[in-house]
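Undergrad: Input structure37.pdb, format and content: PDB, C-alpha atoms and all ligand atoms.
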ATOM      1  CA  MET A   1      31.702   7.558 -34.963
ATOM      2  CA  SER A   2      33.852   6.221 -32.121
ATOM      3  CA  GLN A   3      32.327   2.767 -31.748
ATOM      4  CA  ILE A   4      32.151  -0.373 -33.829
ATOM      5  CA  ASP A   5      28.942  -0.655 -35.909
ATOM      6  CA  PHE A   6      28.996  -4.445 -36.181
ATOM      7  CA  MET A   7      30.499  -7.246 -34.102
ATOM      8  CA  ASN A   8      30.399 -11.010 -34.388
ATOM      9  CA  ILE A   9      31.160 -12.566 -31.007
ATOM     10  CA  ASN A  10      30.942 -16.374 -30.787
ATOM     11  CA  GLY A  11      28.228 -16.387 -33.482
ATOM     12  CA  ASP A  12      26.213 -13.536 -31.927
ATOM     13  CA  GLU A  13      25.776 -10.758 -34.503
ATOM     14  CA  LEU A  14      25.557  -7.351 -32.829
ATOM     15  CA  ASN A  15      24.520  -4.237 -34.781
ATOM     16  CA  LEU A  16      24.840  -0.761 -33.327
ATOM     17  CA  LEU A  17      21.439   0.782 -32.577
ATOM     18  CA  ILE A  18      22.147   3.719 -30.207
ATOM     19  CA  ASP A  19      25.647   5.060 -29.628
ATOM     20  CA  LYS A  20      27.009   6.048 -26.229
ATOM     21  CA  GLU A  21      27.048   9.814 -26.916
ATOM     22  CA  THR A  22      23.344   9.749 -27.816
ATOM     23  CA  ILE A  23      22.598   7.779 -24.636
ATOM     24  CA  ARG A  24      24.611  10.212 -22.513
ATOM     25  CA  SER A  25      22.909  13.365 -23.790
ATOM     26  CA  ARG A  26      19.414  11.845 -23.563
ATOM     27  CA  ILE A  27      20.036  10.782 -19.946
ATOM     28  CA  ASP A  28      21.184  14.288 -19.064
ATOM     29  CA  GLU A  29      17.903  15.608 -20.477
ATOM     30  CA  LEU A  30      15.877  13.021 -18.581
ATOM     31  CA  ALA A  31      17.650  13.813 -15.288
ATOM     32  CA  LYS A  32      16.876  17.509 -15.739
ATOM     33  CA  GLN A  33      13.228  16.709 -16.452
ATOM     34  CA  ILE A  34      12.964  14.519 -13.328
ATOM     35  CA  ARG A  35      14.628  17.215 -11.203
ATOM     36  CA  LYS A  36      12.216  19.854 -12.554
ATOM     37  CA  ASP A  37       9.163  17.678 -11.868
ATOM     38  CA  HIS A  38      10.359  16.478  -8.473
ATOM     39  CA  GLY A  39      11.706  19.680  -6.919
ATOM     40  CA  ASP A  40      14.032  19.894  -3.919
ATOM     41  CA  GLY A  41      12.956  16.955  -1.728
ATOM     42  CA  THR A  42      14.955  13.732  -1.531
ATOM     43  CA  LEU A  43      14.323  11.343  -4.392
ATOM     44  CA  SER A  44      14.359   7.663  -3.379
ATOM     45  CA  VAL A  45      15.653   5.765  -6.392
ATOM     46  CA  LEU A  46      14.880   2.055  -6.557
ATOM     47  CA  CYS A  47      17.170   0.445  -9.125
ATOM     48  CA  VAL A  48      15.981  -2.841 -10.622
ATOM     49  CA  LEU A  49      18.851  -5.317 -10.876
ATOM     50  CA  ASN A  50      20.476  -6.643 -12.784
ATOM     51  CA  GLY A  51      19.967  -4.679 -15.997
ATOM     52  CA  ALA A  52      19.355  -1.129 -14.694
ATOM     53  CA  PHE A  53      22.623  -0.707 -12.788
ATOM     54  CA  VAL A  54      24.392   1.178 -15.602
ATOM     55  CA  PHE A  55      21.425   3.432 -16.411
ATOM     56  CA  ALA A  56      20.808   4.159 -12.703
ATOM     57  CA  ALA A  57      24.484   5.022 -12.154
ATOM     58  CA  ASP A  58      24.423   7.535 -15.024
ATOM     59  CA  LEU A  59      20.977   8.906 -14.146
ATOM     60  CA  ILE A  60      21.787   9.651 -10.493
ATOM     61  CA  ARG A  61      25.092  11.297 -11.425
ATOM     62  CA  ALA A  62      23.244  13.541 -13.898
ATOM     63  CA  TYR A  63      20.565  14.309 -11.268
ATOM     64  CA  GLU A  64      21.403  17.620  -9.602
ATOM     65  CA  GLY A  65      19.406  17.227  -6.386
ATOM     66  CA  PRO A  66      19.316  15.138  -3.203
ATOM     67  CA  CYS A  67      18.729  11.462  -3.821
ATOM     68  CA  GLU A  68      19.251   8.089  -2.219
ATOM     69  CA  ILE A  69      19.455   4.765  -4.034
ATOM     70  CA  THR A  70      18.649   1.197  -3.200
ATOM     71  CA  PHE A  71      18.549  -1.971  -5.273
ATOM     72  CA  VAL A  72      16.009  -4.700  -5.862
ATOM     73  CA  LYS A  73      16.790  -7.898  -7.752
ATOM     74  CA  LEU A  74      14.182  -9.150 -10.226
ATOM     75  CA  SER A  75      14.279 -11.261 -13.360
ATOM     76  CA  SER A  76      11.906 -12.750 -15.936
ATOM     77  CA  TYR A  77      14.178 -13.501 -18.908
ATOM     78  CA  GLN A  78      16.096 -16.578 -20.027
ATOM     79  CA  GLY A  79      18.157 -15.997 -23.172
ATOM     80  CA  THR A  80      16.070 -13.762 -25.439
ATOM     81  CA  GLU A  81      12.626 -14.939 -24.213
ATOM     82  CA  SER A  82      10.503 -13.692 -21.335
ATOM     83  CA  THR A  83       9.546 -16.617 -19.067
ATOM     84  CA  GLY A  84       6.313 -14.793 -18.201
ATOM     85  CA  THR A  85       7.055 -15.310 -14.506
ATOM     86  CA  VAL A  86       8.719 -12.535 -12.554
ATOM     87  CA  LYS A  87      10.924 -13.538  -9.665
ATOM     88  CA  MET A  88      12.064 -11.391  -6.785
ATOM     89  CA  ALA A  89      15.159 -12.525  -4.967
ATOM     90  CA  GLU A  90      14.492 -10.693  -1.692
ATOM     91  CA  LYS A  91      12.338  -8.016  -0.050
ATOM     92  CA  ILE A  92      12.941  -4.331  -0.798
ATOM     93  CA  PRO A  93      15.904  -3.689   1.513
ATOM     94  CA  CYS A  94      14.827  -0.297   2.894
ATOM     95  CA  ASN A  95      11.809   1.585   4.194
ATOM     96  CA  ILE A  96      10.071   3.460   1.392
ATOM     97  CA  THR A  97       6.952   4.406   3.363
ATOM     98  CA  GLY A  98       6.188   8.127   2.899
ATOM     99  CA  LYS A  99       8.996   8.595   0.373
ATOM    100  CA  ASP A 100       9.014   9.847  -3.219
ATOM    101  CA  VAL A 101      10.115   6.739  -5.068
ATOM    102  CA  LEU A 102      11.519   6.636  -8.587
ATOM    103  CA  ILE A 103      11.720   3.088  -9.911
ATOM    104  CA  VAL A 104      14.596   2.873 -12.396
ATOM    105  CA  GLU A 105      14.344   0.024 -14.905
ATOM    106  CA  ASP A 106      16.478  -0.918 -17.915
ATOM    107  CA  ILE A 107      13.639  -1.796 -20.290
ATOM    108  CA  VAL A 108       9.872  -2.194 -20.131
ATOM    109  CA  ASP A 109       8.844  -4.968 -22.504
ATOM    110  CA  THR A 110       5.693  -7.013 -21.678
ATOM    111  CA  GLY A 111       5.193  -4.870 -18.559
ATOM    112  CA  LEU A 112       4.951  -7.937 -16.288
ATOM    113  CA  THR A 113       8.012  -7.016 -14.240
ATOM    114  CA  MET A 114       6.901  -3.428 -13.672
ATOM    115  CA  ASP A 115       3.334  -4.469 -12.834
ATOM    116  CA  TYR A 116       4.676  -6.933 -10.250
ATOM    117  CA  LEU A 117       7.112  -4.435  -8.730
ATOM    118  CA  LEU A 118       4.619  -1.547  -8.635
ATOM    119  CA  LYS A 119       2.221  -3.670  -6.556
ATOM    120  CA  ILE A 120       4.973  -4.459  -4.041
ATOM    121  CA  VAL A 121       6.169  -0.844  -3.867
ATOM    122  CA  LYS A 122       2.662   0.653  -3.535
ATOM    123  CA  ALA A 123       1.825  -1.807  -0.723
ATOM    124  CA  GLN A 124       4.503  -0.032   1.351
ATOM    125  CA  ASN A 125       2.664   3.308   1.061
ATOM    126  CA  PRO A 126       5.272   5.601  -0.450
ATOM    127  CA  ARG A 127       4.258   9.261  -0.818
ATOM    128  CA  SER A 128       4.567   8.977  -4.601
ATOM    129  CA  VAL A 129       5.831   6.464  -7.156
ATOM    130  CA  LYS A 130       7.158   7.185 -10.623
ATOM    131  CA  VAL A 131       8.811   4.948 -13.187
ATOM    132  CA  ALA A 132      11.842   5.772 -15.342
ATOM    133  CA  THR A 133      13.033   3.342 -17.989
ATOM    134  CA  CYS A 134      15.983   3.626 -20.313
ATOM    135  CA  PHE A 135      14.225   1.684 -23.091
ATOM    136  CA  ASP A 136      10.583   1.034 -23.851
ATOM    137  CA  LYS A 137       9.123  -1.517 -26.261
ATOM    138  CA  PRO A 138       5.440  -0.471 -26.267
ATOM    139  CA  SER A 139       4.516  -2.891 -29.085
ATOM    140  CA  ARG A 140       5.304  -5.846 -26.773
ATOM    141  CA  ARG A 141       3.094  -4.784 -23.891
ATOM    142  CA  LYS A 142       0.867  -7.453 -22.280
ATOM    143  CA  ILE A 143      -0.121  -5.343 -19.262
ATOM    144  CA  ASN A 144      -0.697  -1.613 -19.295
ATOM    145  CA  VAL A 145       1.769  -0.087 -16.823
ATOM    146  CA  PRO A 146       2.403   3.616 -16.159
ATOM    147  CA  VAL A 147       5.825   4.724 -17.386
ATOM    148  CA  ASP A 148       6.608   8.355 -16.519
ATOM    149  CA  TYR A 149      10.070   8.776 -18.076
ATOM    150  CA  VAL A 150      11.374   6.988 -21.175
ATOM    151  CA  ALA A 151      14.842   7.684 -22.561
ATOM    152  CA  PHE A 152      14.341   5.719 -25.809
ATOM    153  CA  GLU A 153      11.349   4.029 -27.378
ATOM    154  CA  ILE A 154      12.488   1.091 -29.519
ATOM    155  CA  GLU A 155      10.995  -1.467 -31.910
ATOM    156  CA  ASP A 156      10.483  -5.113 -31.063
ATOM    157  CA  LYS A 157      14.126  -6.158 -31.219
ATOM    158  CA  PHE A 158      16.308  -7.851 -28.624
ATOM    159  CA  ILE A 159      18.957  -5.399 -27.470
ATOM    160  CA  VAL A 160      22.169  -5.751 -25.474
ATOM    161  CA  GLY A 161      24.721  -3.374 -23.971
ATOM    162  CA  TYR A 162      24.491  -0.512 -21.485
ATOM    163  CA  GLY A 163      23.662  -2.968 -18.672
ATOM    164  CA  LEU A 164      21.449  -5.281 -20.753
ATOM    165  CA  ASP A 165      22.681  -8.836 -21.264
ATOM    166  CA  TYR A 166      22.252 -11.941 -23.315
ATOM    167  CA  ASP A 167      22.795 -14.868 -20.936
ATOM    168  CA  GLY A 168      25.094 -12.760 -18.781
ATOM    169  CA  LEU A 169      27.166 -11.269 -21.617
ATOM    170  CA  TYR A 170      27.438  -7.763 -23.124
ATOM    171  CA  ARG A 171      26.351  -5.686 -20.106
ATOM    172  CA  ASN A 172      29.674  -3.826 -20.328
ATOM    173  CA  LEU A 173      29.167  -2.485 -23.873
ATOM    174  CA  PRO A 174      28.753   1.299 -23.597
ATOM    175  CA  SER A 175      26.388   1.510 -26.612
ATOM    176  CA  ILE A 176      23.194  -0.373 -27.481
ATOM    177  CA  TYR A 177      23.252  -3.178 -30.051
ATOM    178  CA  THR A 178      20.541  -5.358 -31.554
ATOM    179  CA  LYS A 179      21.356  -9.045 -31.352
ATOM    180  CA  ASN A 180      20.740 -11.565 -34.132
ATOM    181  CA  GLY A 181      21.930 -15.150 -34.389
TER     182      GLY A 181
HETATM  183  P1  LIG A 201       9.057  -7.359 -18.987
HETATM  184  O1  LIG A 201       8.673  -7.972 -17.658
HETATM  185  O2  LIG A 201       8.582  -5.953 -19.188
HETATM  186  O3  LIG A 201       8.623  -8.270 -20.132
HETATM  187  O4  LIG A 201      10.600  -7.406 -19.109
HETATM  188  C1  LIG A 201      11.432  -6.661 -18.355
HETATM  189  C2  LIG A 201      12.797  -7.290 -18.277
HETATM  190  O5  LIG A 201      13.066  -8.174 -19.375
HETATM  191  C3  LIG A 201      13.830  -6.226 -18.379
HETATM  192  O6  LIG A 201      14.129  -5.712 -17.103
HETATM  193  C4  LIG A 201      14.994  -6.948 -19.011
HETATM  194  O7  LIG A 201      15.789  -7.541 -18.016
HETATM  195  C5  LIG A 201      14.366  -8.017 -19.863
HETATM  196  N1  LIG A 201      14.300  -7.623 -21.286
HETATM  197  C6  LIG A 201      13.218  -7.248 -21.992
HETATM  198  N2  LIG A 201      13.534  -6.942 -23.269
HETATM  199  C7  LIG A 201      14.871  -7.113 -23.361
HETATM  200  C8  LIG A 201      15.817  -6.925 -24.432
HETATM  201  O8  LIG A 201      15.522  -6.521 -25.578
HETATM  202  N3  LIG A 201      17.118  -7.192 -24.119
HETATM  203  C9  LIG A 201      17.523  -7.633 -22.901
HETATM  204  N4  LIG A 201      18.822  -7.875 -22.748
HETATM  205  N5  LIG A 201      16.658  -7.815 -21.875
HETATM  206  C10 LIG A 201      15.355  -7.552 -22.111
END
Take the structure I supplied and represent it as structure tokens, if you would.

TA:
Amino acid sequence: MSQIDFMNINGDELNLLIDKETIRSRIDELAKQIRKDHGDGTLSVLCVLNGAFVFAADLIRAYEGPCEITFVKLSSYQGTESTGTVKMAEKIPCNITGKDVLIVEDIVDTGLTMDYLLKIVKAQNPRSVKVATCFDKPSRRKINVPVDYVAFEIEDKFIVGYGLDYDGLYRNLPSIYTKNG
């Protein structure tokens, strides 16, 4: 295995959960599935910042069809706890009316963020809306939200790496780690 299984960084204990090769091949599969379902029209990807930027970058490069991408900034977490309140920094910066939108999220946890975003997106009357998430924690759900594409379903553990942070750190790790301590 090419990556470190365990790291202790400033008291944060990180244990490898999903290595980068496994992530890469699963995302290739997911991109093929989305392409098959979507067909030849332009896919309008809406990437949820901050966490989904790495996943979205890999997903669109594995997607062999026309697509455009825009970014929306949302957050509900402080440290390892959901605040329960989703915040949106600004309006969706493009016109999605009549388009086939694929929302790309890093992780669906309580579902509050996705529920909030879906309402905003649907209010702009896109032709269709689908949701792709890199990670899904179904056991944590507070609101039932539709999730069309899931790369990995995980247990109720706080994860970092592959775009996901703990107080701003660890987004650059290419693999996924669980964080203790
Ligand atoms: P939800 O609104 O579904 O509870 O949470 C969605 C957001 O919470 C995600 O976009 C992500 O930013 C953050 N989040 C949820 N679980 C985790 C986790 O295990 N690790 C990290 N780093 N962020 C998480």

Undergrad: Let me make sure I understand: among A:Asn180, A:Phe152, A:Val121, A:Leu169, which one has the smallest atom-to-atom distance to Arg24 (chain A) if we use all atoms listed in the file?

TA: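 When distances to Arg24 (chain A) are compared using all atoms listed in the file, the smallest one comes from A:Phe152.
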
Undergrad: Would you list the residues that come within 6 Å of ligand LIG 201 (chain A)? Count only C-alpha atoms and all ligand atoms and give the answer as number ranges by chain.

TA: A: 51, 76-77, 82, 106-113, 157-160, 164-166

Undergrad: Could you write out that same residue set with C-alpha atoms as a PDB file, in the frame of the given file?

TA:
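Contents of the output file result_27.pdb:
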ATOM      1  CA  GLY A  51      19.967  -4.679 -15.997  1.00  0.00           C
ATOM      2  CA  SER A  76      11.906 -12.750 -15.936  1.00  0.00           C
ATOM      3  CA  TYR A  77      14.178 -13.501 -18.908  1.00  0.00           C
ATOM      4  CA  SER A  82      10.503 -13.692 -21.335  1.00  0.00           C
ATOM      5  CA  ASP A 106      16.478  -0.918 -17.915  1.00  0.00           C
ATOM      6  CA  ILE A 107      13.639  -1.796 -20.290  1.00  0.00           C
ATOM      7  CA  VAL A 108       9.872  -2.194 -20.131  1.00  0.00           C
ATOM      8  CA  ASP A 109       8.844  -4.968 -22.504  1.00  0.00           C
ATOM      9  CA  THR A 110       5.693  -7.013 -21.678  1.00  0.00           C
ATOM     10  CA  GLY A 111       5.193  -4.870 -18.559  1.00  0.00           C
ATOM     11  CA  LEU A 112       4.951  -7.937 -16.288  1.00  0.00           C
ATOM     12  CA  THR A 113       8.012  -7.016 -14.240  1.00  0.00           C
ATOM     13  CA  LYS A 157      14.126  -6.158 -31.219  1.00  0.00           C
ATOM     14  CA  PHE A 158      16.308  -7.851 -28.624  1.00  0.00           C
ATOM     15  CA  ILE A 159      18.957  -5.399 -27.470  1.00  0.00           C
ATOM     16  CA  VAL A 160      22.169  -5.751 -25.474  1.00  0.00           C
ATOM     17  CA  LEU A 164      21.449  -5.281 -20.753  1.00  0.00           C
ATOM     18  CA  ASP A 165      22.681  -8.836 -21.264  1.00  0.00           C
ATOM     19  CA  TYR A 166      22.252 -11.941 -23.315  1.00  0.00           C
TER      20      TYR A 166
END

Undergrad: Name the residues in contact with Leu30 (chain A) at a cut-off of 9 Å, using only C-alpha atoms, excluding same-chain residues fewer than 3 positions from it; report them as a list of chain:residue names.

TA: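 Here the answer would be A:Ser25, A:Arg26, A:Ile27, A:Gln33, A:Ile34, A:Arg35, A:Leu59, A:Ala62, A:Tyr63, A:Ala132, A:Tyr149, A:Val150, A:Ala151.
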
Undergrad: What separation in Å, quoted to one decimal, exists between CA of Phe71 (chain A) and CA of Asp28 (chain A)?

TA: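 So the two atoms, CA of Phe71 (chain A) and CA of Asp28 (chain A), lie 21.5 Å apart.
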
Undergrad: Just to confirm, what's the straight-line distance from CA of Glu105 (chain A) to CA of Asn10 (chain A) in Å (one decimal)?

TA: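 For CA of Glu105 (chain A) relative to CA of Asn10 (chain A), the distance reads 28.2 Å.
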
Undergrad: Just save region 121-140 of chain A with N, CA, C and O atoms, as a PDB file, in the first residue's frame.

TA:
ATOM      1  N   VAL A 121     -32.216  25.263  -5.569  1.00  0.00           N
ATOM      2  CA  VAL A 121     -31.981  24.864  -6.967  1.00  0.00           C
ATOM      3  C   VAL A 121     -33.317  24.643  -7.682  1.00  0.00           C
ATOM      4  O   VAL A 121     -33.538  25.149  -8.792  1.00  0.00           O
ATOM      5  N   LYS A 122     -34.234  23.916  -7.045  1.00  0.00           N
ATOM      6  CA  LYS A 122     -35.524  23.612  -7.695  1.00  0.00           C
ATOM      7  C   LYS A 122     -36.344  24.875  -7.945  1.00  0.00           C
ATOM      8  O   LYS A 122     -37.083  24.939  -8.924  1.00  0.00           O
ATOM      9  N   ALA A 123     -36.189  25.886  -7.082  1.00  0.00           N
ATOM     10  CA  ALA A 123     -36.916  27.152  -7.257  1.00  0.00           C
ATOM     11  C   ALA A 123     -36.514  27.852  -8.548  1.00  0.00           C
ATOM     12  O   ALA A 123     -37.233  28.714  -9.052  1.00  0.00           O
ATOM     13  N   GLN A 124     -35.364  27.487  -9.114  1.00  0.00           N
ATOM     14  CA  GLN A 124     -34.908  28.107 -10.368  1.00  0.00           C
ATOM     15  C   GLN A 124     -35.328  27.309 -11.604  1.00  0.00           C
ATOM     16  O   GLN A 124     -34.857  27.584 -12.710  1.00  0.00           O
ATOM     17  N   ASN A 125     -36.202  26.325 -11.389  1.00  0.00           N
ATOM     18  CA  ASN A 125     -36.765  25.522 -12.489  1.00  0.00           C
ATOM     19  C   ASN A 125     -35.754  24.927 -13.467  1.00  0.00           C
ATOM     20  O   ASN A 125     -35.834  25.149 -14.677  1.00  0.00           O
ATOM     21  N   PRO A 126     -34.833  24.138 -12.966  1.00  0.00           N
ATOM     22  CA  PRO A 126     -33.968  23.384 -13.887  1.00  0.00           C
ATOM     23  C   PRO A 126     -34.804  22.309 -14.572  1.00  0.00           C
ATOM     24  O   PRO A 126     -35.895  21.966 -14.097  1.00  0.00           O
ATOM     25  N   ARG A 127     -34.284  21.750 -15.692  1.00  0.00           N
ATOM     26  CA  ARG A 127     -35.020  20.681 -16.365  1.00  0.00           C
ATOM     27  C   ARG A 127     -35.025  19.414 -15.494  1.00  0.00           C
ATOM     28  O   ARG A 127     -36.019  18.725 -15.370  1.00  0.00           O
ATOM     29  N   SER A 128     -33.871  19.122 -14.897  1.00  0.00           N
ATOM     30  CA  SER A 128     -33.782  17.992 -13.973  1.00  0.00           C
ATOM     31  C   SER A 128     -32.712  18.293 -12.927  1.00  0.00           C
ATOM     32  O   SER A 128     -31.829  19.121 -13.165  1.00  0.00           O
ATOM     33  N   VAL A 129     -32.833  17.634 -11.780  1.00  0.00           N
ATOM     34  CA  VAL A 129     -31.822  17.779 -10.725  1.00  0.00           C
ATOM     35  C   VAL A 129     -31.473  16.403 -10.191  1.00  0.00           C
ATOM     36  O   VAL A 129     -32.371  15.626  -9.838  1.00  0.00           O
ATOM     37  N   LYS A 130     -30.182  16.108 -10.147  1.00  0.00           N
ATOM     38  CA  LYS A 130     -29.718  14.885  -9.498  1.00  0.00           C
ATOM     39  C   LYS A 130     -28.614  15.241  -8.514  1.00  0.00           C
ATOM     40  O   LYS A 130     -28.012  16.310  -8.618  1.00  0.00           O
ATOM     41  N   VAL A 131     -28.389  14.316  -7.576  1.00  0.00           N
ATOM     42  CA  VAL A 131     -27.392  14.561  -6.533  1.00  0.00           C
ATOM     43  C   VAL A 131     -26.339  13.450  -6.570  1.00  0.00           C
ATOM     44  O   VAL A 131     -26.692  12.265  -6.576  1.00  0.00           O
ATOM     45  N   ALA A 132     -25.067  13.865  -6.609  1.00  0.00           N
ATOM     46  CA  ALA A 132     -23.965  12.900  -6.474  1.00  0.00           C
ATOM     47  C   ALA A 132     -23.162  13.277  -5.237  1.00  0.00           C
ATOM     48  O   ALA A 132     -22.807  14.441  -5.052  1.00  0.00           O
ATOM     49  N   THR A 133     -22.895  12.291  -4.388  1.00  0.00           N
ATOM     50  CA  THR A 133     -22.056  12.553  -3.222  1.00  0.00           C
ATOM     51  C   THR A 133     -20.921  11.539  -3.168  1.00  0.00           C
ATOM     52  O   THR A 133     -21.108  10.378  -3.543  1.00  0.00           O
ATOM     53  N   CYS A 134     -19.771  12.005  -2.717  1.00  0.00           N
ATOM     54  CA  CYS A 134     -18.642  11.081  -2.623  1.00  0.00           C
ATOM     55  C   CYS A 134     -18.857  10.120  -1.448  1.00  0.00           C
ATOM     56  O   CYS A 134     -18.590   8.935  -1.552  1.00  0.00           O
ATOM     57  N   PHE A 135     -19.366  10.669  -0.330  1.00  0.00           N
ATOM     58  CA  PHE A 135     -19.579   9.839   0.864  1.00  0.00           C
ATOM     59  C   PHE A 135     -21.002  10.053   1.382  1.00  0.00           C
ATOM     60  O   PHE A 135     -21.547  11.139   1.269  1.00  0.00           O
ATOM     61  N   ASP A 136     -21.529   8.982   1.950  1.00  0.00           N
ATOM     62  CA  ASP A 136     -22.891   9.044   2.494  1.00  0.00           C
ATOM     63  C   ASP A 136     -22.883   8.383   3.864  1.00  0.00           C
ATOM     64  O   ASP A 136     -22.341   7.287   4.019  1.00  0.00           O
ATOM     65  N   LYS A 137     -23.460   9.098   4.850  1.00  0.00           N
ATOM     66  CA  LYS A 137     -23.604   8.511   6.190  1.00  0.00           C
ATOM     67  C   LYS A 137     -25.094   8.369   6.479  1.00  0.00           C
ATOM     68  O   LYS A 137     -25.679   9.199   7.194  1.00  0.00           O
ATOM     69  N   PRO A 138     -25.756   7.341   5.923  1.00  0.00           N
ATOM     70  CA  PRO A 138     -27.215   7.248   6.048  1.00  0.00           C
ATOM     71  C   PRO A 138     -27.694   7.138   7.493  1.00  0.00           C
ATOM     72  O   PRO A 138     -28.808   7.598   7.805  1.00  0.00           O
ATOM     73  N   SER A 139     -26.869   6.582   8.385  1.00  0.00           N
ATOM     74  CA  SER A 139     -27.314   6.409   9.781  1.00  0.00           C
ATOM     75  C   SER A 139     -27.464   7.739  10.512  1.00  0.00           C
ATOM     76  O   SER A 139     -28.046   7.797  11.587  1.00  0.00           O
ATOM     77  N   ARG A 140     -26.944   8.828   9.947  1.00  0.00           N
ATOM     78  CA  ARG A 140     -26.988  10.139  10.603  1.00  0.00           C
ATOM     79  C   ARG A 140     -28.131  11.019  10.085  1.00  0.00           C
ATOM     80  O   ARG A 140     -28.311  12.147  10.536  1.00  0.00           O
TER      81      ARG A 140
END
